[in-house]
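Peer 1: The structure under discussion is supplied below as structure tokens; questions concerning it will follow.
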Amino acid sequence: MKRISRKQVLVGTLSAVMALGCAMPAMAAEGWKQNSTGWWYEYNDGSYVVSDWKQVDGQWYFFNQDGYMVTGWVNQNGTWYFCDASGAMQTGWVAVDGVVYYLNPISNGTKGAMKTGEVVIDGTTYHFNASGANTDGVALPGARFYWNGKAVTLSSSTSGGGSGSGDTNIVVETNGEIGDQIDIIRDQNVGTGKPVLGISEVTGNDASRNQTVKVTFNEETKDTTPVSDYTDAVVSAAEAIVSQDNVKYVSYMNYEMTQDMEPETALGYLELQMEKERTIADLQHSSYTVALTLTDDSVVNYTIQVAFQ
């Protein structure tokens, strides 16, 4: 019987291993991947994170239903979070388009969640409306972002509050047109015996990038007054405002629509919302913020607070 040398056994073993290796698919390295659409996180087996959070190098990231990383506002199961332009989840005090929010900084299962209502922070009680906007008039924090997660570059022109640097003259002109339209709506819709009791500017001045307007409705007629009764007045005013040459994009900062829209598209969306079957009572405890991106890429915010009396 012919003896097989150790060398022959070793060569045969190596050949078998090499053949097996050629038959097995190569395992991809786990980590970040990118294509023309965006970033995703892929595991060794080729699977990836979908509609969920993933912690990478100590930071939390959210991936949408297609697996791509999300920036800006994230709504998961009715809870809002905010991610910067790198996709990293933010916590603590942040300003988005000039509106101040507080995102839970504690790792208790809801880290990063947007706070609403009355919240005690470092021993002080603060108040946030249903949209998460702080209503105490706190100073803008250092963490400032646009709606898409891009950081606001701070400069001397933004240190006094507001989003973006931009031309003050453009802001004054835009605020002036809005003030004119508020006066028109007030003259036509406010008065004794009418559902609207008053419209008043609460905060802001001619050069402010954050304006708040309070609309007070009659408590006695709120259940019988359709919101659609004011469609013509509101849409007409909005058309005059967004048709200005100064206005580039419009964002409705509510739970249904936050992305920048062309003025014409924004008007169509507003009209659809106004025509929904609901009464003034459905607006109770609500506030609505509209962000206008101007031609100098600065952002001004207008918040409408609804009250009853």
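Residue numbers start at 1 in each chain; chains themselves are named A, B, ... in the order of the structure tokens; ligands are numbered from 1 in the order shown.
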I'd like the neighbourhood of Gln59 in chain A as a PyMOL selection string, where a residue qualifies if any of its atoms comes within 12 Å (using only C-alpha atoms), though same-chain residues fewer than 5 positions away should be ignored.

Peer 2: chain A and resi 53-54+83-84+86-91+111-112

Peer 1: Can you list, as a PyMOL selection string, all residues belonging to range 35-170 of chain A that DSSP tags as strand (DSSP E or B)?

Peer 2: chain A and resi 39-42+48+52-56+59-63+69+72-76+79-83+89+92-96+99-103+114+117-121+124-128+134+144-145+151+163

Peer 1: If you run DSSP on the backbone, which residues of range 24-210 of chain A are alpha helix (DSSP H), as a ChimeraX atom specification?

Peer 2: /A:168-189

Peer 1: Would you pick out the contacts of range 290-292 of chain A at 8 Å or less, using only C-alpha atoms, so that residues sharing its chain but fewer than 5 positions from it are not included, and give the list as a ChimeraX atom specification?

Peer 2: /A:97,247-253,299-303

Peer 1: Can you measure CA of Phe82 in chain A to CA of Tyr269 in chain A for me? One decimal in Å is fine.

Peer 2: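 CA of Tyr269 in chain A lies 23.8 Å from CA of Phe82 in chain A.
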
Peer 1: For range 193-199 of chain A, find every residue with an atom within 6 Å (counting only C-alpha atoms), except residues of its own chain fewer than 3 positions away, and show them as a list in words.

Peer 2: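 With the cut-off at 6 Å, the set is Val190, Lys214, Val215, Thr216, Phe217 and Asn218 of chain A.
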
Peer 1: Go through A:Trp93, A:Pro226, A:Ser107, A:Gly38 one by one, measure the shortest atom-to-atom distance of each to Ala139 in chain A using only C-alpha atoms, and give the residue with the smallest value.

Peer 2: A:Trp93

Peer 1: Which is closer to Asp229 in chain A than all the others in A:Ser47, A:Asn189, A:Asn77, A:Asn64, using only C-alpha atoms?

Peer 2: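 Smallest distance to Asp229 in chain A is found for A:Asn189.
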